[in-house]
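Quick look at upload-v7.cif (mmCIF, C-alpha atoms and all ligand atoms; chains and numbers go by the auth columns):
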```
data_model
#
loop_
_atom_site.group_PDB
_atom_site.id
_atom_site.type_symbol
_atom_site.label_atom_id
_atom_site.label_comp_id
_atom_site.label_asym_id
_atom_site.label_seq_id
_atom_site.Cartn_x
_atom_site.Cartn_y
_atom_site.Cartn_z
_atom_site.B_iso_or_equiv
_atom_site.auth_seq_id
_atom_site.auth_asym_id
ATOM 1 C CA MET A 1 105.697 163.860 115.011 0.00 1 Y
ATOM 2 C CA LYS A 2 102.091 165.237 114.945 0.00 2 Y
ATOM 3 C CA LYS A 3 100.460 165.502 118.354 0.00 3 Y
ATOM 4 C CA GLU A 4 97.166 167.339 118.438 0.00 4 Y
ATOM 5 C CA LEU A 5 95.152 169.411 115.996 0.00 5 Y
ATOM 6 C CA LEU A 6 95.602 173.062 116.953 0.00 6 Y
ATOM 7 C CA TYR A 7 93.664 174.689 114.135 0.00 7 Y
ATOM 8 C CA SER A 8 91.735 173.642 111.052 0.00 8 Y
ATOM 9 C CA GLY A 9 91.822 176.264 108.313 0.00 9 Y
ATOM 10 C CA LYS A 10 90.329 176.414 104.829 0.00 10 Y
ATOM 11 C CA ALA A 11 93.482 175.098 103.122 0.00 11 Y
ATOM 12 C CA LYS A 12 95.530 173.563 105.967 0.00 12 Y
ATOM 13 C CA ASP A 13 95.313 171.762 109.293 0.00 13 Y
ATOM 14 C CA ILE A 14 97.895 172.727 111.912 0.00 14 Y
ATOM 15 C CA PHE A 15 99.201 170.200 114.455 0.00 15 Y
ATOM 16 C CA SER A 16 101.406 170.600 117.517 0.00 16 Y
ATOM 17 C CA THR A 17 104.614 168.545 117.842 0.00 17 Y
ATOM 18 C CA ASP A 18 106.829 167.383 120.716 0.00 18 Y
ATOM 19 C CA ASP A 19 108.733 170.657 120.284 0.00 19 Y
ATOM 20 C CA GLU A 20 106.640 173.619 121.485 0.00 20 Y
ATOM 21 C CA ASN A 21 108.304 175.873 118.900 0.00 21 Y
ATOM 22 C CA LEU A 22 107.451 173.686 115.898 0.00 22 Y
ATOM 23 C CA ILE A 23 104.181 172.788 114.159 0.00 23 Y
ATOM 24 C CA VAL A 24 103.202 170.505 111.278 0.00 24 Y
ATOM 25 C CA SER A 25 101.078 172.022 108.491 0.00 25 Y
ATOM 26 C CA VAL A 26 98.978 169.513 106.537 0.00 26 Y
ATOM 27 C CA TYR A 27 97.769 170.820 103.179 0.00 27 Y
ATOM 28 C CA LYS A 28 94.179 169.877 102.312 0.00 28 Y
ATOM 29 C CA ASP A 29 92.589 168.862 99.004 0.00 29 Y
ATOM 30 C CA GLN A 30 90.144 171.708 99.334 0.00 30 Y
ATOM 31 C CA ALA A 31 89.599 174.846 97.277 0.00 31 Y
ATOM 32 C CA THR A 32 87.462 177.673 98.636 0.00 32 Y
ATOM 33 C CA MET A 33 86.467 181.133 97.507 0.00 33 Y
ATOM 34 C CA LEU A 34 84.323 184.006 98.806 0.00 34 Y
ATOM 35 C CA ASN A 35 85.545 183.356 102.355 0.00 35 Y
ATOM 36 C CA GLY A 36 84.533 179.687 102.173 0.00 36 Y
ATOM 37 C CA ALA A 37 81.074 180.265 100.637 0.00 37 Y
ATOM 38 C CA ARG A 38 82.106 178.046 97.718 0.00 38 Y
ATOM 39 C CA LYS A 39 84.045 174.956 98.731 0.00 39 Y
ATOM 40 C CA GLU A 40 85.177 171.968 96.658 0.00 40 Y
ATOM 41 C CA THR A 41 87.373 168.936 97.167 0.00 41 Y
ATOM 42 C CA ILE A 42 90.058 168.753 94.498 0.00 42 Y
ATOM 43 C CA GLU A 43 92.129 165.604 94.749 0.00 43 Y
ATOM 44 C CA GLY A 44 95.863 166.250 94.573 0.00 44 Y
ATOM 45 C CA LYS A 45 95.659 169.981 95.227 0.00 45 Y
ATOM 46 C CA GLY A 46 97.056 169.777 98.768 0.00 46 Y
ATOM 47 C CA SER A 47 100.102 167.841 97.683 0.00 47 Y
ATOM 48 C CA LEU A 48 100.814 170.222 94.780 0.00 48 Y
ATOM 49 C CA ALA A 49 100.388 173.379 96.894 0.00 49 Y
ATOM 50 C CA ASN A 50 102.642 171.926 99.611 0.00 50 Y
ATOM 51 C CA GLN A 51 105.355 170.996 97.105 0.00 51 Y
ATOM 52 C CA ILE A 52 105.216 174.375 95.359 0.00 52 Y
ATOM 53 C CA SER A 53 105.211 176.335 98.624 0.00 53 Y
ATOM 54 C CA SER A 54 108.073 174.233 100.014 0.00 54 Y
ATOM 55 C CA LEU A 55 110.252 174.909 96.949 0.00 55 Y
ATOM 56 C CA ILE A 56 109.569 178.647 97.128 0.00 56 Y
ATOM 57 C CA PHE A 57 110.176 178.909 100.872 0.00 57 Y
ATOM 58 C CA GLU A 58 113.432 176.917 100.558 0.00 58 Y
ATOM 59 C CA LYS A 59 114.602 179.400 97.954 0.00 59 Y
ATOM 60 C CA LEU A 60 113.531 182.358 100.102 0.00 60 Y
ATOM 61 C CA ASN A 61 115.379 180.913 103.123 0.00 61 Y
ATOM 62 C CA THR A 62 118.493 180.459 100.983 0.00 62 Y
ATOM 63 C CA ALA A 63 118.187 184.058 99.751 0.00 63 Y
ATOM 64 C CA GLY A 64 118.258 185.241 103.379 0.00 64 Y
ATOM 65 C CA VAL A 65 114.558 185.911 103.936 0.00 65 Y
ATOM 66 C CA GLU A 66 113.526 184.851 107.447 0.00 66 Y
ATOM 67 C CA THR A 67 110.602 182.434 107.170 0.00 67 Y
ATOM 68 C CA HIS A 68 108.761 179.841 109.257 0.00 68 Y
ATOM 69 C CA PHE A 69 109.696 177.053 106.833 0.00 69 Y
ATOM 70 C CA VAL A 70 111.901 174.286 108.293 0.00 70 Y
ATOM 71 C CA LYS A 71 111.436 171.384 105.872 0.00 71 Y
ATOM 72 C CA ARG A 72 108.942 169.410 103.814 0.00 72 Y
ATOM 73 C CA LEU A 73 108.044 166.193 105.628 0.00 73 Y
ATOM 74 C CA SER A 74 105.917 164.394 103.032 0.00 74 Y
ATOM 75 C CA GLU A 75 103.705 165.078 100.019 0.00 75 Y
ATOM 76 C CA ARG A 76 101.173 166.887 102.137 0.00 76 Y
ATOM 77 C CA GLU A 77 103.057 167.921 105.260 0.00 77 Y
ATOM 78 C CA GLN A 78 105.668 170.461 106.174 0.00 78 Y
ATOM 79 C CA LEU A 79 107.433 171.366 109.405 0.00 79 Y
ATOM 80 C CA ASN A 80 107.174 175.027 110.380 0.00 80 Y
ATOM 81 C CA LYS A 81 108.301 177.267 113.196 0.00 81 Y
ATOM 82 C CA LYS A 82 105.363 178.157 115.395 0.00 82 Y
ATOM 83 C CA VAL A 83 104.462 181.829 115.104 0.00 83 Y
ATOM 84 C CA GLU A 84 101.930 184.205 116.537 0.00 84 Y
ATOM 85 C CA VAL A 85 100.221 185.280 113.334 0.00 85 Y
ATOM 86 C CA VAL A 86 99.856 189.014 112.671 0.00 86 Y
ATOM 87 C CA PRO A 87 96.208 189.240 111.520 0.00 87 Y
ATOM 88 C CA LEU A 88 97.005 190.963 108.225 0.00 88 Y
ATOM 89 C CA GLU A 89 96.805 189.765 104.650 0.00 89 Y
ATOM 90 C CA VAL A 90 99.562 191.614 102.849 0.00 90 Y
ATOM 91 C CA VAL A 91 98.781 191.871 99.132 0.00 91 Y
ATOM 92 C CA LEU A 92 101.359 193.077 96.624 0.00 92 Y
ATOM 93 C CA ARG A 93 100.331 193.913 93.055 0.00 93 Y
ATOM 94 C CA ASN A 94 102.555 194.260 90.002 0.00 94 Y
ATOM 95 C CA VAL A 95 99.742 194.129 87.438 0.00 95 Y
ATOM 96 C CA ALA A 96 96.064 195.070 87.746 0.00 96 Y
ATOM 97 C CA ALA A 97 93.816 192.047 88.376 0.00 97 Y
ATOM 98 C CA GLY A 98 91.147 190.712 90.727 0.00 98 Y
ATOM 99 C CA SER A 99 89.646 193.069 93.287 0.00 99 Y
ATOM 100 C CA PHE A 100 91.936 195.931 92.177 0.00 100 Y
ATOM 101 C CA VAL A 101 90.250 195.896 88.752 0.00 101 Y
ATOM 102 C CA LYS A 102 86.783 195.832 90.342 0.00 102 Y
ATOM 103 C CA ARG A 103 87.576 198.531 92.916 0.00 103 Y
ATOM 104 C CA PHE A 104 89.277 201.054 90.641 0.00 104 Y
ATOM 105 C CA GLY A 105 87.847 200.220 87.214 0.00 105 Y
ATOM 106 C CA ILE A 106 91.298 199.668 85.731 0.00 106 Y
ATOM 107 C CA GLU A 107 91.671 197.177 82.898 0.00 107 Y
ATOM 108 C CA GLU A 108 92.875 193.693 83.860 0.00 108 Y
ATOM 109 C CA GLY A 109 96.461 193.100 82.744 0.00 109 Y
ATOM 110 C CA GLN A 110 97.582 196.725 82.926 0.00 110 Y
ATOM 111 C CA SER A 111 101.070 196.922 84.459 0.00 111 Y
ATOM 112 C CA LEU A 112 101.284 199.223 87.469 0.00 112 Y
ATOM 113 C CA SER A 113 103.983 201.904 87.330 0.00 113 Y
ATOM 114 C CA ARG A 114 105.383 200.445 90.555 0.00 114 Y
ATOM 115 C CA PRO A 115 104.482 197.527 92.826 0.00 115 Y
ATOM 116 C CA ILE A 116 101.871 198.491 95.398 0.00 116 Y
ATOM 117 C CA ILE A 117 100.956 196.964 98.750 0.00 117 Y
ATOM 118 C CA GLU A 118 97.471 196.661 100.252 0.00 118 Y
ATOM 119 C CA PHE A 119 96.487 195.388 103.676 0.00 119 Y
ATOM 120 C CA TYR A 120 93.413 193.384 104.630 0.00 120 Y
ATOM 121 C CA TYR A 121 92.410 192.644 108.231 0.00 121 Y
ATOM 122 C CA LYS A 122 92.374 188.849 108.677 0.00 122 Y
ATOM 123 C CA ASN A 123 88.986 188.330 110.270 0.00 123 Y
ATOM 124 C CA ASP A 124 86.514 185.812 108.826 0.00 124 Y
ATOM 125 C CA ASP A 125 83.530 187.296 110.696 0.00 125 Y
ATOM 126 C CA LEU A 126 84.201 190.666 109.041 0.00 126 Y
ATOM 127 C CA ASP A 127 85.093 189.137 105.615 0.00 127 Y
ATOM 128 C CA ASP A 128 88.734 190.330 105.751 0.00 128 Y
ATOM 129 C CA PRO A 129 88.094 194.071 105.181 0.00 129 Y
ATOM 130 C CA PHE A 130 90.462 196.434 103.375 0.00 130 Y
ATOM 131 C CA ILE A 131 92.431 198.305 106.069 0.00 131 Y
ATOM 132 C CA ASN A 132 94.957 201.157 106.071 0.00 132 Y
ATOM 133 C CA GLU A 133 98.024 201.915 108.183 0.00 133 Y
ATOM 134 C CA ASP A 134 96.069 204.244 110.504 0.00 134 Y
ATOM 135 C CA HIS A 135 93.577 201.447 111.228 0.00 135 Y
ATOM 136 C CA ILE A 136 96.412 198.985 111.844 0.00 136 Y
ATOM 137 C CA ASP A 137 97.959 201.401 114.346 0.00 137 Y
ATOM 138 C CA LEU A 138 94.667 202.337 116.019 0.00 138 Y
ATOM 139 C CA LEU A 139 93.509 198.721 116.378 0.00 139 Y
ATOM 140 C CA GLN A 140 97.009 197.817 117.659 0.00 140 Y
ATOM 141 C CA ILE A 141 97.383 195.090 115.052 0.00 141 Y
ATOM 142 C CA ALA A 142 101.024 196.098 114.481 0.00 142 Y
ATOM 143 C CA THR A 143 103.261 199.069 115.264 0.00 143 Y
ATOM 144 C CA SER A 144 104.274 201.466 112.502 0.00 144 Y
ATOM 145 C CA GLU A 145 107.842 200.067 112.705 0.00 145 Y
ATOM 146 C CA GLU A 146 106.458 196.556 112.203 0.00 146 Y
ATOM 147 C CA VAL A 147 104.354 197.721 109.253 0.00 147 Y
ATOM 148 C CA ASP A 148 107.443 199.364 107.698 0.00 148 Y
ATOM 149 C CA TYR A 149 109.391 196.121 108.133 0.00 149 Y
ATOM 150 C CA ILE A 150 106.567 194.016 106.644 0.00 150 Y
ATOM 151 C CA LYS A 151 106.374 196.349 103.621 0.00 151 Y
ATOM 152 C CA ALA A 152 110.139 196.326 103.041 0.00 152 Y
ATOM 153 C CA GLU A 153 110.251 192.506 103.305 0.00 153 Y
ATOM 154 C CA THR A 154 107.263 192.203 100.936 0.00 154 Y
ATOM 155 C CA TYR A 155 108.952 194.394 98.281 0.00 155 Y
ATOM 156 C CA ARG A 156 112.172 192.378 98.675 0.00 156 Y
ATOM 157 C CA ILE A 157 110.300 189.069 98.368 0.00 157 Y
ATOM 158 C CA ASN A 158 108.546 190.436 95.253 0.00 158 Y
ATOM 159 C CA ASP A 159 111.897 191.259 93.617 0.00 159 Y
ATOM 160 C CA LEU A 160 113.161 187.720 94.284 0.00 160 Y
ATOM 161 C CA LEU A 161 109.988 185.934 93.226 0.00 161 Y
ATOM 162 C CA ARG A 162 109.423 188.007 90.096 0.00 162 Y
ATOM 163 C CA ALA A 163 112.933 187.202 88.898 0.00 163 Y
ATOM 164 C CA TRP A 164 112.547 183.462 89.615 0.00 164 Y
ATOM 165 C CA PHE A 165 109.163 183.250 87.897 0.00 165 Y
ATOM 166 C CA ALA A 166 110.463 185.272 84.933 0.00 166 Y
ATOM 167 C CA GLN A 167 113.216 182.664 84.489 0.00 167 Y
ATOM 168 C CA ILE A 168 110.525 179.999 83.942 0.00 168 Y
ATOM 169 C CA GLY A 169 108.393 182.188 81.667 0.00 169 Y
ATOM 170 C CA LEU A 170 105.790 183.195 84.245 0.00 170 Y
ATOM 171 C CA ASN A 171 104.583 186.679 85.109 0.00 171 Y
ATOM 172 C CA LEU A 172 103.908 187.258 88.819 0.00 172 Y
ATOM 173 C CA ILE A 173 100.788 189.442 88.758 0.00 173 Y
ATOM 174 C CA ASP A 174 100.007 189.686 92.487 0.00 174 Y
ATOM 175 C CA PHE A 175 100.216 187.678 95.704 0.00 175 Y
ATOM 176 C CA LYS A 176 99.231 187.578 99.368 0.00 176 Y
ATOM 177 C CA LEU A 177 101.649 187.079 102.259 0.00 177 Y
ATOM 178 C CA GLU A 178 101.204 186.611 105.989 0.00 178 Y
ATOM 179 C CA PHE A 179 103.722 187.316 108.710 0.00 179 Y
ATOM 180 C CA GLY A 180 104.050 186.103 112.288 0.00 180 Y
ATOM 181 C CA LYS A 181 106.244 186.506 115.330 0.00 181 Y
ATOM 182 C CA ASP A 182 108.574 183.649 116.261 0.00 182 Y
ATOM 183 C CA LYS A 183 109.470 182.619 119.828 0.00 183 Y
ATOM 184 C CA ASP A 184 111.872 185.584 120.092 0.00 184 Y
ATOM 185 C CA GLY A 185 109.245 188.069 118.879 0.00 185 Y
ATOM 186 C CA LYS A 186 110.964 188.406 115.477 0.00 186 Y
ATOM 187 C CA LEU A 187 108.671 189.034 112.494 0.00 187 Y
ATOM 188 C CA ILE A 188 109.079 186.292 109.907 0.00 188 Y
ATOM 189 C CA LEU A 189 107.259 185.224 106.742 0.00 189 Y
ATOM 190 C CA ALA A 190 104.631 182.567 107.512 0.00 190 Y
ATOM 191 C CA ASP A 191 101.714 180.776 105.794 0.00 191 Y
ATOM 192 C CA GLU A 192 102.321 179.584 102.240 0.00 192 Y
ATOM 193 C CA PHE A 193 103.233 180.727 98.747 0.00 193 Y
ATOM 194 C CA SER A 194 101.429 178.755 96.060 0.00 194 Y
ATOM 195 C CA PRO A 195 99.045 179.457 93.153 0.00 195 Y
ATOM 196 C CA ASP A 196 96.338 179.480 95.854 0.00 196 Y
ATOM 197 C CA ASN A 197 97.495 182.913 96.963 0.00 197 Y
ATOM 198 C CA CYS A 198 99.150 184.446 93.947 0.00 198 Y
ATOM 199 C CA ARG A 199 98.351 185.084 90.302 0.00 199 Y
ATOM 200 C CA LEU A 200 100.702 183.712 87.654 0.00 200 Y
ATOM 201 C CA TRP A 201 100.209 184.215 83.928 0.00 201 Y
ATOM 202 C CA ASP A 202 102.238 182.623 81.147 0.00 202 Y
ATOM 203 C CA ALA A 203 103.477 184.539 78.107 0.00 203 Y
ATOM 204 C CA ASP A 204 100.130 183.952 76.336 0.00 204 Y
ATOM 205 C CA GLY A 205 98.175 185.317 79.310 0.00 205 Y
ATOM 206 C CA ASN A 206 96.955 181.878 80.448 0.00 206 Y
ATOM 207 C CA HIS A 207 96.082 181.731 84.139 0.00 207 Y
ATOM 208 C CA LEU A 208 98.185 179.239 86.125 0.00 208 Y
ATOM 209 C CA ASP A 209 96.641 179.907 89.526 0.00 209 Y
ATOM 210 C CA LYS A 210 93.464 179.674 91.591 0.00 210 Y
ATOM 211 C CA ASP A 211 91.586 181.919 89.113 0.00 211 Y
ATOM 212 C CA VAL A 212 91.165 178.644 87.153 0.00 212 Y
ATOM 213 C CA PHE A 213 88.885 177.539 90.025 0.00 213 Y
ATOM 214 C CA ARG A 214 87.359 180.979 90.663 0.00 214 Y
ATOM 215 C CA ARG A 215 86.426 181.376 86.976 0.00 215 Y
ATOM 216 C CA ASP A 216 85.846 177.711 86.041 0.00 216 Y
ATOM 217 C CA LEU A 217 88.602 177.769 83.421 0.00 217 Y
ATOM 218 C CA GLY A 218 89.517 174.057 83.593 0.00 218 Y
ATOM 219 C CA SER A 219 91.495 171.687 85.813 0.00 219 Y
ATOM 220 C CA LEU A 220 93.143 173.399 88.772 0.00 220 Y
ATOM 221 C CA THR A 221 95.548 170.530 89.421 0.00 221 Y
ATOM 222 C CA ASP A 222 96.682 170.509 85.762 0.00 222 Y
ATOM 223 C CA VAL A 223 97.880 174.114 86.038 0.00 223 Y
ATOM 224 C CA TYR A 224 99.415 173.631 89.524 0.00 224 Y
ATOM 225 C CA GLU A 225 101.298 170.642 88.047 0.00 225 Y
ATOM 226 C CA ILE A 226 102.692 172.914 85.306 0.00 226 Y
ATOM 227 C CA VAL A 227 103.870 175.464 87.900 0.00 227 Y
ATOM 228 C CA LEU A 228 105.520 172.727 90.011 0.00 228 Y
ATOM 229 C CA LYS A 229 107.319 171.206 86.986 0.00 229 Y
ATOM 230 C CA LYS A 230 108.602 174.619 85.931 0.00 230 Y
ATOM 231 C CA LEU A 231 109.794 175.448 89.461 0.00 231 Y
ATOM 232 C CA GLU A 232 111.639 172.128 89.658 0.00 232 Y
ATOM 233 C CA GLU A 233 113.573 173.218 86.551 0.00 233 Y
ATOM 234 C CA LEU A 234 114.867 176.146 88.595 0.00 234 Y
ATOM 235 C CA HIS A 235 116.622 173.828 91.065 0.00 235 Y
HETATM 236 P P1 LIG B . 92.381 190.078 95.046 0.00 301 Y
HETATM 237 O O1 LIG B . 92.674 190.658 93.710 0.00 301 Y
HETATM 238 O O2 LIG B . 91.203 189.165 95.065 0.00 301 Y
HETATM 239 O O3 LIG B . 92.321 191.126 96.124 0.00 301 Y
HETATM 240 O O4 LIG B . 93.639 189.145 95.420 0.00 301 Y
HETATM 241 C C1 LIG B . 94.948 189.625 95.374 0.00 301 Y
HETATM 242 C C2 LIG B . 95.908 188.469 95.595 0.00 301 Y
HETATM 243 O O5 LIG B . 95.790 187.992 96.929 0.00 301 Y
HETATM 244 C C3 LIG B . 95.640 187.271 94.698 0.00 301 Y
HETATM 245 O O6 LIG B . 96.899 186.736 94.285 0.00 301 Y
HETATM 246 C C4 LIG B . 94.928 186.277 95.574 0.00 301 Y
HETATM 247 C C5 LIG B . 95.419 186.616 96.944 0.00 301 Y
HETATM 248 N N1 LIG B . 94.401 186.435 97.979 0.00 301 Y
HETATM 249 C C6 LIG B . 94.535 185.428 98.915 0.00 301 Y
HETATM 250 O O7 LIG B . 95.487 184.663 98.881 0.00 301 Y
HETATM 251 N N2 LIG B . 93.574 185.297 99.870 0.00 301 Y
HETATM 252 C C7 LIG B . 92.496 186.109 99.943 0.00 301 Y
HETATM 253 O O8 LIG B . 91.659 185.940 100.860 0.00 301 Y
HETATM 254 C C8 LIG B . 92.378 187.163 98.975 0.00 301 Y
HETATM 255 C C9 LIG B . 91.182 188.104 98.995 0.00 301 Y
HETATM 256 C C10 LIG B . 93.335 187.286 98.008 0.00 301 Y
#
```

Please lay out the structure from this file as structure tokens.
Amino acid sequence: MKKELLYSGKAKDIFSTDDENLIVSVYKDQATMLNGARKETIEGKGSLANQISSLIFEKLNTAGVETHFVKRLSEREQLNKKVEVVPLEVVLRNVAAGSFVKRFGIEEGQSLSRPIIEFYYKNDDLDDPFINEDHIDLLQIATSEEVDYIKAETYRINDLLRAWFAQIGLNLIDFKLEFGKDKDGKLILADEFSPDNCRLWDADGNHLDKDVFRRDLGSLTDVYEIVLKKLEELH
């Protein structure tokens, strides 16, 4: 199925297939932070992130969200539609945490009066800078109609995910999405959804996400395992 390596990212390798519209994503046992400045091999992480992301994307597909996810192929691999990635990191926040706390001096854990969306320009050389809708338009990263669509989809995905995580006792604090254009130029949800790119807290405020790695709070794979087990209960 896999033909040649197209791209090697921090968390995944991307391979071409015999079908020009399909790719294979291989999840790596690697955790990074600060744009790759800190990098560690964590055995089992790739498999857990792939399984968690596959379950979530299957549920999103079933709920009618258009995504790049086709199917999970193995522990580490999934089959995806090939997309032209829109170079934006779309962050949605329900609760103050992470860079929002640092930037605005708001206490971690404070619920926001409504979900908010932030954009970051996906560019490693520039360290993924914060970017607004005027910049996105001026730099021709996306049209204002595309930005409106991405925002509406992100709010809709948040409503779905928040409800699913609430059912298994988890609070979805924030997350990052990426979108891409499929072969017909349609914007669809791409990349992954796992505790690598979201924050999940349990009822006691325990962190079940990559903050365990960022803050040295214990075993990352132990908490990813908990999230996977809980998500499997949803099926
Ligand atoms: P932040 O609070 O560090 O800005 O992160 C907000 C959310 O976005 C958090 O769930 C982690 C996720 N995220 C990524 O997935 N990749 C990134 O490069 C960054 C900065 C954040």

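Between CA of Asn206 in chain Y and CA of Glu89 in chain Y the interatomic distance comes to 25.5 Å.
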
Kindly compile the residues surrounding ligand LIG 301 (chain Y) within 9 Å, counting only C-alpha atoms and all ligand atoms, and format them as JSON, numbers by chain. {"Y": [33, 34, 35, 89, 90, 91, 92, 93, 96, 97, 98, 99, 100, 101, 102, 118, 120, 122, 127, 128, 172, 173, 174, 175, 176, 177, 193, 194, 195, 196, 197, 198, 199, 200, 209, 210, 211]}

Find the spatial neighbours of Tyr27 in chain Y, counting only C-alpha atoms, within a cut-off of 10 Å - ignore same-chain residues fewer than 3 positions away - and output them as a PyMOL selection string. chain Y and resi 9-14+24+30+44-51+75-78+192

Resolved residues for the PyMOL selection byres (((chain Y and resi 140-157) around 9) and not hetatm) as a compact mmCIF listing (two decimals) with C-alpha atoms, in the frame of the given file:
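Heads up, here's the output in out13.txt:
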```txt
# COMPACT_ATOMS: atom_id res chain seq x y z
CA LEU Y 60 113.53 182.36 100.10
CA VAL Y 65 114.56 185.91 103.94
CA VAL Y 86 99.86 189.01 112.67
CA PRO Y 87 96.21 189.24 111.52
CA LEU Y 88 97.00 190.96 108.22
CA VAL Y 90 99.56 191.61 102.85
CA VAL Y 91 98.78 191.87 99.13
CA LEU Y 92 101.36 193.08 96.62
CA PRO Y 115 104.48 197.53 92.83
CA ILE Y 116 101.87 198.49 95.40
CA ILE Y 117 100.96 196.96 98.75
CA TYR Y 121 92.41 192.64 108.23
CA GLU Y 133 98.02 201.92 108.18
CA ASP Y 134 96.07 204.24 110.50
CA HIS Y 135 93.58 201.45 111.23
CA ILE Y 136 96.41 198.98 111.84
CA ASP Y 137 97.96 201.40 114.35
CA LEU Y 138 94.67 202.34 116.02
CA LEU Y 139 93.51 198.72 116.38
CA ASN Y 158 108.55 190.44 95.25
CA ASP Y 159 111.90 191.26 93.62
CA LEU Y 160 113.16 187.72 94.28
CA LEU Y 161 109.99 185.93 93.23
CA ARG Y 162 109.42 188.01 90.10
CA LEU Y 177 101.65 187.08 102.26
CA PHE Y 179 103.72 187.32 108.71
CA LEU Y 187 108.67 189.03 112.49
CA ILE Y 188 109.08 186.29 109.91
CA LEU Y 189 107.26 185.22 106.74
```

At a cut-off of 12 Å, using all atoms listed in the file, what residues contact Leu231 in chain Y? Leave out same-chain residues fewer than 6 positions from it and give the result as a PDB file with C-alpha atoms, keeping the file's coordinate frame.
```
ATOM      1  CA  LEU Y  48     100.814 170.222  94.780  1.00  0.00           C
ATOM      2  CA  GLN Y  51     105.355 170.996  97.105  1.00  0.00           C
ATOM      3  CA  ILE Y  52     105.216 174.375  95.359  1.00  0.00           C
ATOM      4  CA  SER Y  53     105.211 176.335  98.624  1.00  0.00           C
ATOM      5  CA  SER Y  54     108.073 174.233 100.014  1.00  0.00           C
ATOM      6  CA  LEU Y  55     110.252 174.909  96.949  1.00  0.00           C
ATOM      7  CA  ILE Y  56     109.569 178.647  97.128  1.00  0.00           C
ATOM      8  CA  PHE Y  57     110.176 178.909 100.872  1.00  0.00           C
ATOM      9  CA  GLU Y  58     113.432 176.917 100.558  1.00  0.00           C
ATOM     10  CA  LYS Y  59     114.602 179.400  97.954  1.00  0.00           C
ATOM     11  CA  LEU Y 161     109.988 185.934  93.226  1.00  0.00           C
ATOM     12  CA  TRP Y 164     112.547 183.462  89.615  1.00  0.00           C
ATOM     13  CA  PHE Y 165     109.163 183.250  87.897  1.00  0.00           C
ATOM     14  CA  ALA Y 166     110.463 185.272  84.933  1.00  0.00           C
ATOM     15  CA  GLN Y 167     113.216 182.664  84.489  1.00  0.00           C
ATOM     16  CA  ILE Y 168     110.525 179.999  83.942  1.00  0.00           C
ATOM     17  CA  GLY Y 169     108.393 182.188  81.667  1.00  0.00           C
ATOM     18  CA  LEU Y 170     105.790 183.195  84.245  1.00  0.00           C
ATOM     19  CA  SER Y 194     101.429 178.755  96.060  1.00  0.00           C
ATOM     20  CA  TYR Y 224      99.415 173.631  89.524  1.00  0.00           C
ATOM     21  CA  GLU Y 225     101.298 170.642  88.047  1.00  0.00           C
TER      22      GLU Y 225
END
```
